[in-house]
$ cat work.cif   # mmCIF, C-alpha atoms and all ligand atoms
data_upload
loop_
_atom_site.label_atom_id
_atom_site.label_comp_id
_atom_site.auth_asym_id
_atom_site.auth_seq_id
_atom_site.Cartn_x
_atom_site.Cartn_y
_atom_site.Cartn_z
CA MET A 8 14.26 17.78 -14.03
CA LYS A 9 12.47 19.41 -16.96
CA ASP A 10 9.96 17.47 -19.10
CA THR A 11 10.79 14.04 -17.72
CA LYS A 12 9.44 11.34 -19.99
CA PRO A 13 8.01 8.22 -18.32
CA GLU A 14 10.70 6.04 -19.93
CA SER A 15 13.38 8.16 -18.23
CA ILE A 16 12.05 7.53 -14.72
CA ARG A 17 13.21 4.69 -12.46
CA ASN A 18 11.75 3.87 -9.06
CA ILE A 19 14.41 2.36 -6.82
CA VAL A 20 13.61 0.92 -3.40
CA LEU A 21 16.24 0.71 -0.64
CA LEU A 22 15.76 -2.34 1.57
CA SER A 23 17.42 -3.73 4.67
CA TYR A 24 17.46 -3.80 8.47
CA ASN A 25 17.70 -0.75 10.74
CA GLY A 26 21.17 0.68 10.88
CA ALA A 27 22.30 -0.77 7.54
CA GLY A 28 22.84 2.72 6.14
CA LYS A 29 19.85 3.22 3.79
CA THR A 30 18.98 6.76 4.85
CA SER A 31 22.66 7.76 4.86
CA LEU A 32 23.11 6.33 1.38
CA VAL A 33 20.23 8.45 0.09
CA GLU A 34 21.94 11.47 1.66
CA ALA A 35 25.17 10.56 -0.11
CA ILE A 36 23.33 10.22 -3.43
CA LEU A 37 21.65 13.60 -2.90
CA ALA A 38 25.06 15.19 -2.31
CA THR A 39 26.80 13.40 -5.19
CA THR A 40 24.07 14.36 -7.66
CA GLY A 41 24.19 17.95 -6.45
CA ALA A 42 20.63 17.98 -5.08
CA VAL A 43 22.03 19.15 -1.72
CA SER A 44 25.36 20.80 -0.97
CA GLN A 45 26.01 18.79 2.18
CA MET A 46 24.97 15.33 3.36
CA GLY A 47 22.57 15.37 6.28
CA SER A 48 23.14 13.14 9.30
CA VAL A 49 20.77 10.62 10.88
CA THR A 50 22.09 11.28 14.38
CA ALA A 51 21.77 15.04 14.02
CA GLY A 52 18.24 14.64 12.58
CA THR A 53 19.15 16.55 9.41
CA THR A 54 18.46 14.00 6.67
CA ALA A 55 15.98 14.59 3.87
CA MET A 56 14.28 11.22 4.38
CA ASP A 57 13.85 11.00 8.18
CA TYR A 58 11.91 14.22 8.66
CA GLU A 59 9.14 13.27 11.09
CA PRO A 60 9.49 14.08 14.84
CA GLU A 61 9.02 10.37 15.60
CA GLU A 62 11.95 9.52 13.29
CA HIS A 63 14.15 12.20 14.88
CA HIS A 64 13.23 10.89 18.31
CA ARG A 65 13.90 7.22 17.50
CA LYS A 66 16.76 7.98 15.06
CA ILE A 67 15.34 5.40 12.64
CA SER A 68 13.02 5.55 9.62
CA VAL A 69 9.39 4.82 10.47
CA HIS A 70 7.75 5.43 7.08
CA SER A 71 8.85 5.06 3.49
CA SER A 72 10.09 8.37 2.09
CA LEU A 73 10.59 9.43 -1.49
CA CYS A 74 12.99 11.81 -3.15
CA GLN A 75 13.97 12.38 -6.74
CA VAL A 76 17.43 12.95 -8.14
CA SER A 77 18.57 13.44 -11.69
CA TRP A 78 21.49 11.42 -13.06
CA HIS A 79 22.54 11.30 -16.74
CA ASP A 80 19.12 12.36 -18.05
CA THR A 81 17.33 9.80 -15.89
CA ALA A 82 15.09 10.74 -12.98
CA LEU A 83 15.66 8.37 -10.08
CA ASN A 84 12.89 8.14 -7.52
CA LEU A 85 14.60 6.79 -4.41
CA ILE A 86 12.30 5.13 -1.89
CA ASP A 87 13.90 4.82 1.55
CA THR A 88 12.05 2.23 3.63
CA PRO A 89 11.97 1.46 7.36
CA GLY A 90 13.93 -1.66 8.33
CA ALA A 91 12.17 -2.80 11.50
CA PRO A 92 9.97 -5.93 11.16
CA SER A 93 6.92 -3.98 12.43
CA PHE A 94 7.11 -1.86 9.29
CA TYR A 95 7.52 -4.67 6.73
CA ALA A 96 4.29 -3.66 5.01
CA GLU A 97 5.78 -0.26 4.11
CA ALA A 98 8.84 -1.81 2.53
CA ARG A 99 6.91 -4.50 0.75
CA GLN A 100 4.47 -2.02 -0.78
CA ALA A 101 7.34 0.15 -1.98
CA SER A 102 8.90 -2.91 -3.64
CA TYR A 103 5.76 -3.58 -5.62
CA ILE A 104 5.88 -0.18 -7.32
CA SER A 105 9.64 -0.19 -7.94
CA ASP A 106 11.73 -0.98 -11.00
CA ALA A 107 14.77 -2.10 -9.04
CA ALA A 108 15.98 -2.79 -5.51
CA LEU A 109 19.07 -1.74 -3.62
CA TRP A 110 19.66 -4.32 -0.89
CA ILE A 111 21.93 -2.71 1.66
CA VAL A 112 24.33 -4.83 3.71
CA ASN A 113 26.49 -3.20 6.36
CA ALA A 114 29.87 -4.95 6.31
CA SER A 115 30.22 -4.87 10.08
CA LEU A 116 26.66 -6.14 10.75
CA GLY A 117 26.35 -8.72 7.97
CA VAL A 118 23.12 -10.17 6.61
CA LYS A 119 20.17 -10.20 9.01
CA SER A 120 16.72 -11.77 8.83
CA GLU A 121 15.12 -8.46 7.73
CA CYS A 122 17.39 -8.49 4.71
CA GLU A 123 16.50 -12.09 3.89
CA LYS A 124 12.82 -11.24 4.21
CA ALA A 125 13.25 -8.33 1.79
CA TRP A 126 15.11 -10.60 -0.61
CA GLU A 127 12.22 -13.08 -0.50
CA TYR A 128 9.45 -10.63 -1.27
CA THR A 129 11.40 -8.89 -3.99
CA ALA A 130 12.02 -12.31 -5.53
CA THR A 131 8.28 -12.98 -5.66
CA VAL A 132 7.84 -9.93 -7.90
CA GLU A 133 11.14 -10.63 -9.71
CA LEU A 134 12.57 -7.26 -8.85
CA PRO A 135 16.09 -6.86 -10.24
CA GLY A 136 18.71 -5.09 -8.19
CA LEU A 137 22.06 -4.45 -6.70
CA PHE A 138 23.63 -5.14 -3.32
CA PHE A 139 25.26 -2.09 -1.81
CA VAL A 140 27.85 -2.69 0.92
CA THR A 141 28.16 0.04 3.54
CA GLY A 142 30.32 0.25 6.63
CA LEU A 143 33.56 -0.81 4.94
CA ASP A 144 35.29 2.01 6.83
CA LYS A 145 34.71 0.08 10.07
CA GLU A 146 37.41 -2.03 11.71
CA ARG A 147 37.77 -5.67 10.73
CA THR A 148 35.63 -5.37 7.60
CA SER A 149 36.51 -6.26 4.03
CA LEU A 150 34.76 -6.44 0.71
CA LYS A 151 35.78 -10.09 0.36
CA ALA A 152 34.20 -11.03 3.71
CA ALA A 153 31.03 -9.05 2.91
CA THR A 154 30.76 -10.62 -0.55
CA ASP A 155 31.22 -14.12 0.88
CA VAL A 156 28.45 -13.56 3.41
CA ILE A 157 26.07 -12.22 0.75
CA GLU A 158 26.80 -15.04 -1.68
CA GLN A 159 26.38 -17.72 0.98
CA SER A 160 23.25 -16.22 2.54
CA PHE A 161 21.38 -15.75 -0.72
CA GLU A 162 22.98 -18.61 -2.67
CA ILE A 163 24.04 -16.35 -5.50
CA LYS A 164 27.17 -15.23 -7.28
CA THR A 165 27.61 -11.48 -7.52
CA ILE A 166 29.33 -9.29 -10.06
CA ILE A 167 31.39 -6.67 -8.28
CA VAL A 168 30.89 -3.37 -10.08
CA SER A 169 33.00 -1.14 -7.87
CA LEU A 170 36.01 -1.62 -5.60
CA PRO A 171 37.02 0.43 -2.57
CA ILE A 172 40.33 2.30 -2.67
CA GLY A 173 41.96 1.66 0.67
CA GLN A 174 40.45 -0.24 3.55
CA GLU A 175 38.74 0.36 6.89
CA ALA A 176 39.40 3.89 8.16
CA GLY A 177 41.77 4.45 5.21
CA ILE A 178 39.08 4.17 2.51
CA GLU A 179 39.34 7.20 0.27
CA GLY A 180 37.37 6.40 -2.85
CA VAL A 181 36.17 3.80 -5.31
CA VAL A 182 37.07 2.33 -8.68
CA ASP A 183 34.10 1.99 -11.01
CA LEU A 184 34.89 -1.31 -12.70
CA ILE A 185 32.48 -0.79 -15.56
CA THR A 186 34.14 2.38 -16.83
CA GLY A 187 37.54 1.68 -15.26
CA THR A 188 37.46 5.10 -13.58
CA ALA A 189 38.73 5.84 -10.08
CA TYR A 190 37.28 8.55 -7.85
CA ARG A 191 38.43 10.07 -4.59
CA TYR A 192 35.81 11.50 -2.23
CA PRO A 193 36.73 14.41 0.01
CA GLY A 194 35.14 12.81 3.09
CA ASP A 195 33.50 16.09 4.10
CA GLY A 196 29.98 15.07 3.08
CA SER A 197 29.97 17.38 0.06
CA GLY A 198 29.90 14.49 -2.44
CA LYS A 199 32.31 16.42 -4.69
CA ARG A 200 34.24 13.47 -6.04
CA GLN A 201 37.46 13.90 -7.96
CA LYS A 202 38.65 11.67 -10.80
CA ILE A 203 42.05 10.12 -10.04
CA ASP A 204 44.35 7.51 -11.56
CA ILE A 205 43.79 3.94 -10.45
CA PRO A 206 46.38 3.37 -7.70
CA PRO A 207 49.24 1.24 -9.15
CA THR A 208 48.82 -1.28 -6.32
CA MET A 209 45.21 -1.91 -7.42
CA LYS A 210 45.74 -2.37 -11.17
CA GLU A 211 46.02 -6.15 -11.03
CA GLU A 212 42.96 -6.46 -8.77
CA VAL A 213 40.97 -4.13 -11.05
CA GLU A 214 41.81 -6.24 -14.13
CA ARG A 215 40.89 -9.43 -12.29
CA GLN A 216 37.59 -8.10 -10.99
CA LYS A 217 36.47 -6.31 -14.14
CA PRO A 218 33.12 -7.55 -15.31
CA GLY A 219 33.74 -9.69 -18.34
CA HIS A 220 36.14 -11.98 -16.55
CA HIS A 221 33.36 -13.69 -14.69
CA GLY A 222 29.60 -13.69 -14.66
CA ILE A 223 26.79 -13.70 -12.73
CA THR A 224 23.63 -14.21 -10.88
CA ARG A 225 20.55 -14.50 -8.87
CA HIS A 226 18.82 -17.32 -10.69
CA SER A 227 21.59 -19.68 -11.63
CA GLY A 228 19.88 -20.51 -14.92
CA GLY A 229 20.52 -17.03 -16.26
CA SER A 230 24.17 -16.81 -15.42
CA VAL A 231 25.71 -18.28 -18.52
CA ALA A 232 23.50 -16.16 -20.73
CA ILE A 233 24.71 -12.90 -19.28
CA ALA A 234 28.34 -13.92 -19.15
CA GLY A 235 28.23 -15.02 -22.77
CA ARG A 236 26.33 -12.01 -24.00
CA ALA A 237 28.52 -9.43 -22.44
CA ARG A 238 31.95 -10.98 -22.32
CA CYS A 239 34.70 -8.90 -23.87
CA HIS A 240 38.26 -8.07 -23.04
CA ALA A 241 38.74 -5.31 -20.49
CA SER A 242 40.98 -3.33 -22.89
CA ASP A 243 38.31 -3.41 -25.60
CA PRO A 244 37.22 0.21 -26.18
CA CYS A 245 33.61 -0.96 -26.18
CA HIS A 246 34.10 -2.63 -22.83
CA ALA A 247 32.06 -0.19 -20.79
CA GLN A 248 29.22 0.07 -23.28
CA ARG A 249 29.02 -3.67 -23.83
CA TRP A 250 29.03 -4.26 -20.13
CA ARG A 251 26.39 -1.68 -19.50
CA THR A 252 24.21 -3.37 -22.09
CA GLY A 253 24.97 -6.81 -20.70
CA LEU A 254 24.25 -5.75 -17.15
CA ALA A 255 21.09 -3.93 -18.20
CA ILE A 256 19.78 -7.08 -19.89
CA GLY A 257 20.86 -9.21 -16.95
CA PHE A 258 19.22 -6.92 -14.41
CA HIS A 259 16.07 -6.74 -16.50
CA GLU A 260 15.88 -10.53 -16.67
CA CYS A 261 16.73 -10.77 -12.96
CA SER A 262 19.64 -12.99 -13.91
CA VAL A 263 22.30 -10.68 -12.52
CA VAL A 264 22.90 -9.24 -9.11
CA GLY A 265 25.55 -6.55 -8.92
CA LEU A 266 27.51 -5.54 -5.86
CA ARG A 267 28.66 -2.01 -5.23
CA VAL A 268 30.59 -0.51 -2.36
CA GLN A 269 30.40 2.67 -0.41
CA ASN A 270 32.99 5.36 -0.44
CA ASP A 271 33.64 7.31 2.73
CA TYR A 272 31.06 9.88 1.57
N1 LIG A 301 30.93 4.39 9.70
C1 LIG A 301 29.83 4.33 8.95
N2 LIG A 301 28.65 4.68 9.49
C2 LIG A 301 27.56 4.60 8.68
C3 LIG A 301 27.64 4.19 7.32
N3 LIG A 301 26.38 4.24 6.79
C4 LIG A 301 25.57 4.66 7.80
N4 LIG A 301 26.28 4.88 8.94
C5 LIG A 301 25.76 5.30 10.25
O1 LIG A 301 24.96 4.21 10.75
C6 LIG A 301 23.80 4.69 11.43
C7 LIG A 301 22.55 4.13 10.78
O2 LIG A 301 22.47 4.64 9.45
P1 LIG A 301 21.07 4.89 8.74
O3 LIG A 301 21.37 5.55 7.44
O4 LIG A 301 20.09 5.55 9.65
O5 LIG A 301 20.61 3.38 8.51
P2 LIG A 301 19.14 2.87 8.06
O6 LIG A 301 18.44 2.46 9.32
O7 LIG A 301 19.41 1.68 7.19
O8 LIG A 301 18.45 3.98 7.34
C8 LIG A 301 23.90 6.23 11.35
O9 LIG A 301 24.44 6.68 12.56
C9 LIG A 301 24.83 6.50 10.19
O10 LIG A 301 25.54 7.71 10.36
C10 LIG A 301 28.92 3.82 6.80
O11 LIG A 301 29.09 3.43 5.64
N5 LIG A 301 29.99 3.93 7.66
MG MG A 302 16.59 4.83 7.75
#
$ encode --input "work.cif" --output "structure tokens"
Amino acid sequence: MKDTKPESIRNIVLLSYNGAGKTSLVEAILATTGAVSQMGSVTAGTTAMDYEPEEHHRKISVHSSLCQVSWHDTALNLIDTPGAPSFYAEARQASYISDAALWIVNASLGVKSECEKAWEYTATVELPGLFFVTGLDKERTSLKAATDVIEQSFEIKTIIVSLPIGQEAGIEGVVDLITGTAYRYPGDGSGKRQKIDIPPTMKEEVERQKPGHHGITRHSGGSVAIAGRARCHASDPCHAQRWRTGLAIGFHECSVVGLRVQNDY
């Protein structure tokens, strides 16, 4: 990215247990932003973030790794951290220099103690962030079940900002609830998503889930503020912009926790 100004840079730390899907998510982001033409694979030892022989051997991340992608004139520094308890220090240090966290929860593995630990230390530095649910392509998983587990474990309410199209092995894309746009992903690891119409069977669910119909939050005190500030009807042409602003304020104040889902990459 040419001439990046400091105000256009965001450091984002990915936190969770081993096997949650952090390194794979970075690969998917690299492909979707066009930084690579094909997602690498953890098992094949071809990811950008697990590059050390020790990481190839163990097939897990051992150190924090950094990469930068460019998205809508913003430079995102993604910090992929190791999930094992013996490497907590790495993840904690990365949190302290980050602007936001991505807490990853794999729908088939649920919330584990490593995730709760990460939540605790990010709370001490009031790091805002988003939950990202992976593994929804696995059998007997659902967004509803994953959301329930997250909300109960962390005693929060989440705002769902994207919905999967399809379920389990049939997942084929996502609906971005903020812009009301649906995307299909080719599933070949190229990240070349294609804009599609929202499936007719999902229209009701999309309207119901759209931010603006409900709030909310990490620290319960902030919830009403964000819901009030950003509420508007989903058909309002300013919907997306108002919600972006509302979410941005909410994230900044740590009063909002969003929840996003994977596609099938
Ligand atoms: N089916 C499926 N597998 C995934 C998903 N995300 C990651 N994986 C696989 O899960 C394993 C662990 O993923 P990895 O990215 O290394 O997790 P990390 O330890 O959190 O970095 C790898 O074999 C990935 O290919 C997902 O959304 N669906
Ligand atoms: Mg990893």
$ atom_distance --input "work.cif" --atom1 "CA of Ser23 (chain A)" --atom2 "CA of Ala189 (chain A)"
27.6 Å
$ atom_distance --input "work.cif" --atom1 "CA of Val168 (chain A)" --atom2 "CA of Ala35 (chain A)"
18.1 Å
$ residues_near_ligand --input "work.cif" --ligand "ligand MG 302 (chain A)" --cutoff "7 Å" --atoms "all atoms listed in the file" --output "PyMOL selection string"
chain A and resi 25-26+28-30+57+67-68+87-89
$ write_last_selection --input "work.cif" --atoms "C-alpha atoms" --output "PDB file, keeping the file's coordinate frame"
ATOM      1  CA  ASN A  25      17.700  -0.750  10.740  1.00  0.00           C
ATOM      2  CA  GLY A  26      21.170   0.680  10.880  1.00  0.00           C
ATOM      3  CA  GLY A  28      22.840   2.720   6.140  1.00  0.00           C
ATOM      4  CA  LYS A  29      19.850   3.220   3.790  1.00  0.00           C
ATOM      5  CA  THR A  30      18.980   6.760   4.850  1.00  0.00           C
ATOM      6  CA  ASP A  57      13.850  11.000   8.180  1.00  0.00           C
ATOM      7  CA  ILE A  67      15.340   5.400  12.640  1.00  0.00           C
ATOM      8  CA  SER A  68      13.020   5.550   9.620  1.00  0.00           C
ATOM      9  CA  ASP A  87      13.900   4.820   1.550  1.00  0.00           C
ATOM     10  CA  THR A  88      12.050   2.230   3.630  1.00  0.00           C
ATOM     11  CA  PRO A  89      11.970   1.460   7.360  1.00  0.00           C
TER      12      PRO A  89
END
$ atom_distance --input "work.cif" --atom1 "atom P1 of ligand LIG 301 (chain A)" --atom2 "CA of Leu137 (chain A)"
18.1 Å
$ residues_around --input "work.cif" --residues "Ile205 (chain A)" --least-positions-apart "3" --cutoff "12 Å" --atoms "only C-alpha atoms" --output "MDAnalysis selection string"
chainID A and resid 170:173 180:184 186:191 202 208:214
$ residues_near_ligand --input "work.cif" --ligand "ligand LIG 301 (chain A)" --cutoff "10 Å" --atoms "all atoms listed in the file" --output "ChimeraX atom specification"
/A:21-35,47-52,54,56-57,62,66-69,87-91,111-115,140-146,175-176,268-272
$ closest_residue --input "work.cif" --among "A:Ser102, A:Ser197, A:Leu73, A:Ile166" --to "Thr129 (chain A)" --atoms "only C-alpha atoms"
A:Ser102
$ residues_near_point --input "work.cif" --point "(6.4, -2.8, 1.2)" --cutoff "10 Å" --atoms "only C-alpha atoms" --output "JSON, numbers by chain"
{"A": [20, 22, 71, 88, 89, 94, 95, 96, 97, 98, 99, 100, 101, 102, 103, 104, 125, 128, 129]}
$ closest_residue --input "work.cif" --among "A:Ala153, A:Ile178, A:Ala107, A:Ile19" --to "Val132 (chain A)" --atoms "all atoms listed in the file"
A:Ala107
$ closest_residue --input "work.cif" --among "A:Gln45, A:Ser93, A:Thr165, A:Ser160" --to "Gly196 (chain A)" --atoms "all atoms listed in the file"
A:Gln45
$ residues_near_point --input "work.cif" --point "(33.7, 14.2, -7.2)" --cutoff "8 Å" --atoms "all atoms listed in the file" --output "list in words"
Thr39, Tyr190, Arg191, Tyr192, Pro193, Gly198, Lys199, Arg200, Gln201 and Lys202 of chain A
$ closest_residue --input "work.cif" --among "A:Gln216, A:Ala38, A:Pro60, A:Ile185" --to "Lys151 (chain A)" --atoms "only C-alpha atoms"
A:Gln216
$ decode --input "work.cif" --residues "region 70-131 of chain A" --atoms "C-alpha atoms" --output "CSV table (one decimal), in the first residue's frame"
chain,number,residue,atom,x,y,z
A,70,HIS,CA,5.0,-17.7,17.4
A,71,SER,CA,2.9,-14.7,16.6
A,72,SER,CA,3.2,-13.8,12.9
A,73,LEU,CA,2.3,-10.6,11.1
A,74,CYS,CA,1.1,-9.8,7.6
A,75,GLN,CA,-0.4,-6.7,6.1
A,76,VAL,CA,-3.4,-6.5,3.7
A,77,SER,CA,-5.1,-3.6,2.1
A,78,TRP,CA,-8.8,-3.2,2.3
A,79,HIS,CA,-10.8,-0.1,1.3
A,80,ASP,CA,-7.8,2.3,1.7
A,81,THR,CA,-7.0,0.8,5.1
A,82,ALA,CA,-3.9,-1.2,5.9
A,83,LEU,CA,-4.7,-4.1,8.2
A,84,ASN,CA,-1.9,-5.6,10.1
A,85,LEU,CA,-3.1,-9.1,11.0
A,86,ILE,CA,-1.3,-10.7,14.0
A,87,ASP,CA,-1.9,-14.5,14.1
A,88,THR,CA,-1.1,-15.8,17.5
A,89,PRO,CA,-0.3,-19.3,18.9
A,90,GLY,CA,-3.2,-20.8,20.8
A,91,ALA,CA,-1.5,-23.2,23.2
A,92,PRO,CA,-1.3,-22.2,26.9
A,93,SER,CA,2.5,-22.4,26.8
A,94,PHE,CA,2.5,-19.5,24.4
A,95,TYR,CA,0.1,-17.2,26.2
A,96,ALA,CA,2.8,-14.5,26.5
A,97,GLU,CA,3.0,-14.2,22.7
A,98,ALA,CA,-0.7,-13.7,22.3
A,99,ARG,CA,-1.0,-11.3,25.3
A,100,GLN,CA,1.8,-9.1,24.0
A,101,ALA,CA,0.2,-9.0,20.6
A,102,SER,CA,-3.1,-7.9,22.2
A,103,TYR,CA,-1.4,-4.9,23.9
A,104,ILE,CA,-0.2,-3.4,20.6
A,105,SER,CA,-3.5,-4.1,18.8
A,106,ASP,CA,-6.5,-1.8,18.0
A,107,ALA,CA,-9.0,-4.7,17.8
A,108,ALA,CA,-9.3,-8.4,18.5
A,109,LEU,CA,-10.8,-11.2,16.4
A,110,TRP,CA,-11.8,-13.9,18.9
A,111,ILE,CA,-12.2,-17.1,16.8
A,112,VAL,CA,-14.6,-19.8,17.9
A,113,ASN,CA,-14.9,-23.0,15.9
A,114,ALA,CA,-18.5,-24.1,15.8
A,115,SER,CA,-17.7,-27.8,16.3
A,116,LEU,CA,-15.3,-27.2,19.1
A,117,GLY,CA,-17.1,-24.5,21.0
A,118,VAL,CA,-15.5,-22.1,23.6
A,119,LYS,CA,-12.4,-23.4,25.4
A,120,SER,CA,-10.4,-22.1,28.3
A,121,GLU,CA,-7.8,-20.6,26.1
A,122,CYS,CA,-10.5,-18.5,24.5
A,123,GLU,CA,-11.8,-17.4,27.9
A,124,LYS,CA,-8.3,-16.5,28.9
A,125,ALA,CA,-7.8,-14.3,25.8
A,126,TRP,CA,-11.1,-12.7,26.5
A,127,GLU,CA,-10.0,-11.8,30.0
A,128,TYR,CA,-6.7,-10.2,29.0
A,129,THR,CA,-8.2,-8.3,26.2
A,130,ALA,CA,-10.8,-7.0,28.6
A,131,THR,CA,-8.1,-5.6,30.9
